[in-house]
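Novice: Dumping the structure here so I can ask a few things about it.
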Amino acid sequence: MNNYQTFDTVYIFNYKPFSKVCQAFDIKNFLAYNLGMTNKTDYTLPWTSPERYRPYASYDKAYTDALTASVATSAYKTTYHIQPKTGLLNDPNGFSYFNGKYHLFYQVFPYGPVHGLKSWGLMTSTDLVHWQDEGLKLFPDTVYDSHGAYSGSALPLSNDQLFLFYTGNTRGADKSRAAYQNGAIYTATGEIKKFDSPLLTTPKGYTDHFRDPMIFDYQGDKYAIIGAQTAELQGAVVLAHANDASLTSWDYSKQLAFTNQDMGYMIECPNLVFIEKTPVLLFCPQGLDQSVCAYDNVFPNMYVIADGFDPEASSLTNTSALHNLDDGFEVYATQAFNAPDGRVLASSWLGLPDLDDPSLADGWQGILSLVKELTLKNGKLYQYPVAETLSLRQTQEQITLLDTPTASPTNSYELELELTSDNELYLFANADKTSYVSLTVDMLNGTLTLNREHLPVNWAESYGNTRSTTFDNTTGTVKLTLFADTSSLEIFVNDGEKVMSSRIFTAPENTYLAAKSDISATLWQLKK
């Protein structure tokens, strides 16, 4: 996935421009433009197209050192979430288990907090909690990905080969777009070997907004679904299948049938996973009409549950209604996969296309969610942090939230409580409770409302300051598990019945908690 950009020149990563027009635009001019008279980089200044898509080698050490220092001192840095060292992080990609480790790639533009020339970074882990930064791995270095290595997926071929399937974004001198579905092999020694030519090009009947191949295994055969826009400018998902075990030859099946509803003008980041053999399709429909399924964010992340998958007919059978995957302020491009241990694991970008958050001013944007396990209970999709997340816990404290705010040492904690009556929680609050984010619990109607209008740092207000979700109130109790991490808040309702994930930007001293009515809770401070 990437939001749509226009630009005037075409570069490839080996630093040779297709056009000579921009060769005169050098890094000194860029630094002078950004540094100005104050000698302090202002990362919020407009990034022109040549700046976004200039070759990586043209960024000199003075600029990269300043950017690194700015991110390192950012008040919004998280402590236990994946975030970029510098620049912009967005979609999780290539989530897989390979060579004894979990591999989680992510889309990144390392030289600024904006959507520019994208590569894939890589994090590895043995426990889905403690991650090792392996650096940038998949670069835009061919004519088939000249303007970015866009989103995709991964599947192990053997103990020493991980197949990567991704979209290469390109543009011509006339600003025309072409998207290619490319393949590469990531080896156990950390090398990338790209295939010489694209595995799939855009088929007839679709525009070049055609991207994000998600590969999966079904009954021993390999398939991929790809997000698409039809020639009639309708959102769609296209199915493809592999012709050989080496995944070097692919053919299209046809458009995946999963709904009779109009899916807006584009579908991004489709994922098909099987939870105890039940197909669940995750996807991001852009421009979806609110009458189909209500949502508040600029673009939603949604899912349907099906009775079955019929690859011959290219269809999901007897699908459910559309549901929002997350009812918070910022979740998009969720990627899930069937792990070898039988779990279905997922990670999300806590961000949205076409929106800039306040960390932009510090030279970075975007984090990934906690890794969640997806399960089905009574026909509902549940999402909850993987059991390994318990290893983050340090000190445990039984506290009582009162109307008078109580200080937490940090905004890096897990908070768990159960409510049997209406209440309002105040998080990320200051000492006199004039600044906070609130969570209102309505037991009668079974609703939760998250409100961030009272924070000292507001953003994306054109999409509203509140988000709401519903929960099963028939038991008379609602359980809330909240994970706070400096500039993020992930709320899990009734062990994952509903989820609300959001970015929270506040002052460093806003570490207080309170409640309208007294309530007992358990608080764990969490490790970095």
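FYI, nothing fancy with the structure tokens labels: chains A, B, ... in order, residues from 1 per chain, ligands from 1 as they appear.
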Write out as an MDAnalysis selection string each polymer residue whose atoms come within 7 Å of Gly496 of chain A, counting only C-alpha atoms; drop sequence neighbours fewer than 4 positions from it.

Specialist: chainID A and resid 382:384 492

Novice: Report as CSV the residues of segment 302-338 of chain A within 10 Å of segment 153-158 of chain A, each with its shortest atom pair and distance in Å (one decimal), using only C-alpha atoms, ordered by chain and increasing residue number.

Specialist:
residue,atom,partner,partner_atom,distance
A:Gln335,CA,A:Ser153,CA,8.4
A:Ala336,CA,A:Ser153,CA,9.5
A:Phe337,CA,A:Ser153,CA,9.1

Novice: Go ahead and write the residues just picked, all heavy atoms, as a PDB file, in the first residue's frame.

Specialist:
ATOM      1  N   GLN A 335      -1.668  -7.183   8.542  1.00  0.00           N
ATOM      2  CA  GLN A 335      -1.203  -8.382   7.857  1.00  0.00           C
ATOM      3  C   GLN A 335      -1.221  -9.557   8.818  1.00  0.00           C
ATOM      4  O   GLN A 335      -0.722  -9.455   9.946  1.00  0.00           O
ATOM      5  CB  GLN A 335       0.206  -8.208   7.281  1.00  0.00           C
ATOM      6  CG  GLN A 335       0.662  -9.470   6.558  1.00  0.00           C
ATOM      7  CD  GLN A 335       1.750  -9.233   5.534  1.00  0.00           C
ATOM      8  OE1 GLN A 335       2.815  -9.821   5.627  1.00  0.00           O
ATOM      9  NE2 GLN A 335       1.492  -8.385   4.536  1.00  0.00           N
ATOM     10  N   ALA A 336      -1.806 -10.653   8.374  1.00  0.00           N
ATOM     11  CA  ALA A 336      -1.919 -11.859   9.199  1.00  0.00           C
ATOM     12  C   ALA A 336      -1.415 -13.053   8.410  1.00  0.00           C
ATOM     13  O   ALA A 336      -1.412 -13.049   7.173  1.00  0.00           O
ATOM     14  CB  ALA A 336      -3.368 -12.078   9.627  1.00  0.00           C
ATOM     15  N   PHE A 337      -0.980 -14.093   9.132  1.00  0.00           N
ATOM     16  CA  PHE A 337      -0.566 -15.316   8.460  1.00  0.00           C
ATOM     17  C   PHE A 337      -0.797 -16.508   9.365  1.00  0.00           C
ATOM     18  O   PHE A 337      -0.897 -16.372  10.588  1.00  0.00           O
ATOM     19  CB  PHE A 337       0.904 -15.234   8.020  1.00  0.00           C
ATOM     20  CG  PHE A 337       1.913 -15.513   9.109  1.00  0.00           C
ATOM     21  CD1 PHE A 337       2.629 -16.707   9.136  1.00  0.00           C
ATOM     22  CD2 PHE A 337       2.169 -14.570  10.106  1.00  0.00           C
ATOM     23  CE1 PHE A 337       3.566 -16.967  10.120  1.00  0.00           C
ATOM     24  CE2 PHE A 337       3.111 -14.822  11.092  1.00  0.00           C
ATOM     25  CZ  PHE A 337       3.814 -16.031  11.107  1.00  0.00           C
TER      26      PHE A 337
END

Novice: Write out as a list in words which residues come within 12 Å of Asn510 of chain A when counting only C-alpha atoms, dropping same-chain ones fewer than 6 positions away.

Specialist: Ala75, Pro405, Thr406, Ala407, Ser408, Pro409, Thr410, Asn411, Ser412, Tyr426, Leu427, Phe428, Ala429, Asn430, Ala431, Asp432, Lys433, Thr434, Ser435, Tyr436, Val437, His454, Leu455, Pro456, Val457, Thr486, Ser487 and Ile504 of chain A

Novice: Assign secondary structure with DSSP using the backbone only, and return the residues of segment 235-265 of chain A in strand (DSSP E) as an NGL selection string.

Specialist: :A and (235-242 or 250-255)

Novice: Generate the output file for the selected residues, C-alpha atoms, as a short mmCIF file (atom, residue, chain, number, x, y, z; two decimals), in the first residue's frame.

Specialist:
data_model
loop_
_atom_site.label_atom_id
_atom_site.label_comp_id
_atom_site.auth_asym_id
_atom_site.auth_seq_id
_atom_site.Cartn_x
_atom_site.Cartn_y
_atom_site.Cartn_z
CA GLY A 235 -12.50 -1.79 -5.46
CA ALA A 236 -11.76 -5.49 -5.99
CA VAL A 237 -9.59 -8.44 -4.97
CA VAL A 238 -8.00 -10.64 -7.64
CA LEU A 239 -6.95 -14.27 -7.13
CA ALA A 240 -3.81 -15.78 -8.66
CA HIS A 241 -2.27 -19.24 -8.38
CA ALA A 242 1.28 -20.60 -8.66
CA TRP A 250 1.92 -17.54 -11.85
CA ASP A 251 -1.42 -17.10 -13.58
CA TYR A 252 -4.49 -15.12 -12.70
CA SER A 253 -7.69 -16.92 -11.82
CA LYS A 254 -10.29 -14.19 -11.68
CA GLN A 255 -11.76 -11.63 -9.35
#

Novice: Tell me, which residues of segment 213-377 of chain A carry DSSP helix (DSSP H, G or I), written as a ChimeraX atom specification?

Specialist: /A:358-362

Novice: Quick one: residues within 12 Å of Leu482 of chain A, only C-alpha atoms counted, chain neighbours fewer than 2 positions away excluded, as a PyMOL selection string?

Specialist: chain A and resi 370+384-385+411-418+425+427+439+479-480+484-485+488-496+499-502+521-526

Novice: Just N, CA, C and O atoms for this one: save the residues we selected as a compact mmCIF listing (two decimals), in the first residue's frame.

Specialist:
# COMPACT_ATOMS: atom_id res chain seq x y z
N LEU A 370 1.02 -4.19 18.67
CA LEU A 370 1.39 -5.45 19.30
C LEU A 370 0.98 -6.59 18.36
O LEU A 370 -0.01 -6.49 17.63
N TYR A 384 -6.30 -10.66 20.27
CA TYR A 384 -5.72 -10.42 21.59
C TYR A 384 -4.20 -10.57 21.50
O TYR A 384 -3.72 -11.40 20.72
N PRO A 385 -3.45 -9.77 22.25
CA PRO A 385 -1.99 -9.89 22.20
C PRO A 385 -1.54 -11.33 22.47
O PRO A 385 -2.12 -12.01 23.33
N ASN A 411 4.15 6.25 30.94
CA ASN A 411 3.00 5.87 30.10
C ASN A 411 3.34 4.61 29.32
O ASN A 411 2.97 4.45 28.16
N SER A 412 4.01 3.69 29.97
CA SER A 412 4.37 2.41 29.37
C SER A 412 3.90 1.32 30.32
O SER A 412 4.65 0.86 31.17
N TYR A 413 2.63 0.93 30.18
CA TYR A 413 2.04 0.02 31.16
C TYR A 413 0.91 -0.80 30.54
O TYR A 413 0.41 -0.50 29.46
N GLU A 414 0.54 -1.84 31.29
CA GLU A 414 -0.66 -2.62 31.00
C GLU A 414 -1.62 -2.42 32.17
O GLU A 414 -1.21 -2.53 33.33
N LEU A 415 -2.86 -2.12 31.87
CA LEU A 415 -3.87 -1.87 32.89
C LEU A 415 -5.04 -2.81 32.65
O LEU A 415 -5.56 -2.88 31.53
N GLU A 416 -5.46 -3.53 33.68
CA GLU A 416 -6.56 -4.48 33.54
C GLU A 416 -7.60 -4.23 34.62
O GLU A 416 -7.25 -4.07 35.80
N LEU A 417 -8.86 -4.21 34.24
CA LEU A 417 -9.93 -3.98 35.20
C LEU A 417 -11.24 -4.53 34.67
O LEU A 417 -11.39 -4.77 33.45
N GLU A 418 -12.19 -4.75 35.56
CA GLU A 418 -13.53 -5.19 35.21
C GLU A 418 -14.54 -4.21 35.76
O GLU A 418 -14.41 -3.75 36.91
N LEU A 425 -13.04 6.48 32.53
CA LEU A 425 -11.63 6.41 32.86
C LEU A 425 -10.90 7.59 32.22
O LEU A 425 -11.25 8.03 31.12
N LEU A 427 -7.05 8.65 31.14
CA LEU A 427 -5.71 8.15 30.90
C LEU A 427 -4.86 9.25 30.28
O LEU A 427 -5.39 10.22 29.73
N LEU A 439 -12.22 7.36 28.47
CA LEU A 439 -12.90 6.17 27.99
C LEU A 439 -14.18 6.00 28.80
O LEU A 439 -14.12 5.72 30.00
N LYS A 479 -14.72 -6.59 30.73
CA LYS A 479 -13.30 -6.62 31.07
C LYS A 479 -12.53 -5.76 30.08
O LYS A 479 -12.71 -5.89 28.86
N LEU A 480 -11.66 -4.91 30.59
CA LEU A 480 -10.84 -4.05 29.75
C LEU A 480 -9.37 -4.33 30.03
O LEU A 480 -8.95 -4.37 31.19
N ALA A 484 -0.71 0.88 27.18
CA ALA A 484 -0.26 2.23 26.86
C ALA A 484 1.24 2.21 26.59
O ALA A 484 1.98 1.46 27.23
N ASP A 485 1.67 3.01 25.62
CA ASP A 485 3.10 3.06 25.30
C ASP A 485 3.47 4.43 24.75
O ASP A 485 3.61 4.61 23.53
N SER A 488 0.85 5.66 22.20
CA SER A 488 -0.13 4.73 21.65
C SER A 488 -0.97 4.14 22.77
O SER A 488 -0.56 4.09 23.94
N LEU A 489 -2.17 3.69 22.39
CA LEU A 489 -3.09 3.05 23.33
C LEU A 489 -3.85 1.97 22.58
O LEU A 489 -4.54 2.26 21.60
N GLU A 490 -3.71 0.73 23.05
CA GLU A 490 -4.45 -0.39 22.46
C GLU A 490 -5.36 -0.97 23.54
O GLU A 490 -4.90 -1.40 24.60
N ILE A 491 -6.65 -0.95 23.27
CA ILE A 491 -7.68 -1.36 24.23
C ILE A 491 -8.31 -2.66 23.74
O ILE A 491 -8.81 -2.72 22.61
N PHE A 492 -8.30 -3.68 24.59
CA PHE A 492 -8.90 -4.97 24.26
C PHE A 492 -10.08 -5.20 25.19
O PHE A 492 -9.94 -5.17 26.41
N VAL A 493 -11.25 -5.41 24.60
CA VAL A 493 -12.51 -5.53 25.34
C VAL A 493 -12.89 -7.00 25.43
O VAL A 493 -12.96 -7.69 24.40
N ASN A 494 -13.12 -7.46 26.65
CA ASN A 494 -13.55 -8.86 26.86
C ASN A 494 -12.62 -9.84 26.14
O ASN A 494 -13.05 -10.69 25.36
N ASP A 495 -11.33 -9.69 26.43
CA ASP A 495 -10.30 -10.59 25.89
C ASP A 495 -10.28 -10.63 24.37
O ASP A 495 -9.97 -11.65 23.77
N GLY A 496 -10.59 -9.50 23.74
CA GLY A 496 -10.44 -9.39 22.29
C GLY A 496 -11.72 -9.41 21.49
O GLY A 496 -11.68 -9.44 20.26
N VAL A 499 -11.61 -4.33 19.69
CA VAL A 499 -10.30 -3.70 19.86
C VAL A 499 -10.42 -2.24 19.43
O VAL A 499 -11.09 -1.92 18.45
N MET A 500 -9.74 -1.37 20.19
CA MET A 500 -9.66 0.05 19.84
C MET A 500 -8.19 0.46 19.95
O MET A 500 -7.63 0.50 21.04
N SER A 501 -7.56 0.73 18.80
CA SER A 501 -6.14 1.07 18.77
C SER A 501 -5.98 2.50 18.27
O SER A 501 -6.59 2.88 17.26
N SER A 502 -5.14 3.28 18.96
CA SER A 502 -5.04 4.70 18.64
C SER A 502 -3.66 5.24 18.99
O SER A 502 -2.99 4.72 19.88
N ALA A 521 -8.06 -1.89 39.98
CA ALA A 521 -7.40 -2.30 38.73
C ALA A 521 -6.04 -2.88 39.05
O ALA A 521 -5.48 -2.68 40.13
N THR A 522 -5.51 -3.61 38.09
CA THR A 522 -4.15 -4.13 38.19
C THR A 522 -3.29 -3.41 37.17
O THR A 522 -3.67 -3.29 35.99
N LEU A 523 -2.14 -2.92 37.62
CA LEU A 523 -1.24 -2.14 36.76
C LEU A 523 0.12 -2.83 36.72
O LEU A 523 0.70 -3.14 37.76
N TRP A 524 0.60 -3.08 35.50
CA TRP A 524 1.95 -3.58 35.31
C TRP A 524 2.76 -2.55 34.55
O TRP A 524 2.34 -2.09 33.48
N GLN A 525 3.91 -2.15 35.07
CA GLN A 525 4.86 -1.40 34.27
C GLN A 525 5.51 -2.39 33.30
O GLN A 525 5.76 -3.54 33.64
N LEU A 526 5.76 -1.94 32.07
CA LEU A 526 6.24 -2.84 31.03
C LEU A 526 7.68 -2.51 30.63
O LEU A 526 8.10 -1.35 30.65

Novice: Calculated over only C-alpha atoms, which of the candidates A:Pro92, A:Gly366, A:Pro198, A:Pro300 has the smallest distance to Leu325 of chain A?

Specialist: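 Result for the nearest residue to Leu325 of chain A: A:Pro300.
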
Novice: Can you tell me, as a list in words, what residues are no more than 6 Å from segment 105-120 of chain A when counting only C-alpha atoms, ignoring any on the same chain fewer than 2 positions away?

Specialist: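 Everything that qualifies: Arg52, Tyr53, Thr86, Gly87, Leu88, Leu89, Asn90, Asp91, Pro92, Asn93, Gly94, Leu122, Leu136, Lys137, Leu138, Phe139, His147, Gly148, Ala149, Leu360, Gly363, Trp364 and Gln365 of chain A.
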
Novice: Can I get the selected residues back with C-alpha atoms, as a compact mmCIF listing (two decimals), in the first residue's frame?

Specialist:
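part-v9.txt written:
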# COMPACT_ATOMS: atom_id res chain seq x y z
CA ARG A 52 10.59 12.35 -1.81
CA TYR A 53 12.02 10.28 -4.65
CA THR A 86 14.17 7.46 11.24
CA GLY A 87 11.58 8.51 8.71
CA LEU A 88 8.25 6.90 8.01
CA LEU A 89 7.11 3.36 8.76
CA ASN A 90 3.79 2.11 7.43
CA ASP A 91 2.52 -1.31 6.33
CA PRO A 92 3.72 -4.53 7.95
CA ASN A 93 4.92 -6.89 5.23
CA GLY A 94 6.20 -10.42 4.80
CA LEU A 122 13.15 -6.20 8.72
CA LEU A 136 16.86 -2.37 5.34
CA LYS A 137 16.60 -5.46 3.14
CA LEU A 138 14.47 -4.98 0.05
CA PHE A 139 15.44 -1.87 -1.91
CA HIS A 147 9.63 4.24 -7.26
CA GLY A 148 9.29 1.96 -4.31
CA ALA A 149 9.09 -1.55 -2.98
CA LEU A 360 6.32 14.34 11.93
CA GLY A 363 11.48 13.33 11.86
CA TRP A 364 9.50 10.11 12.17
CA GLN A 365 6.01 8.65 11.85
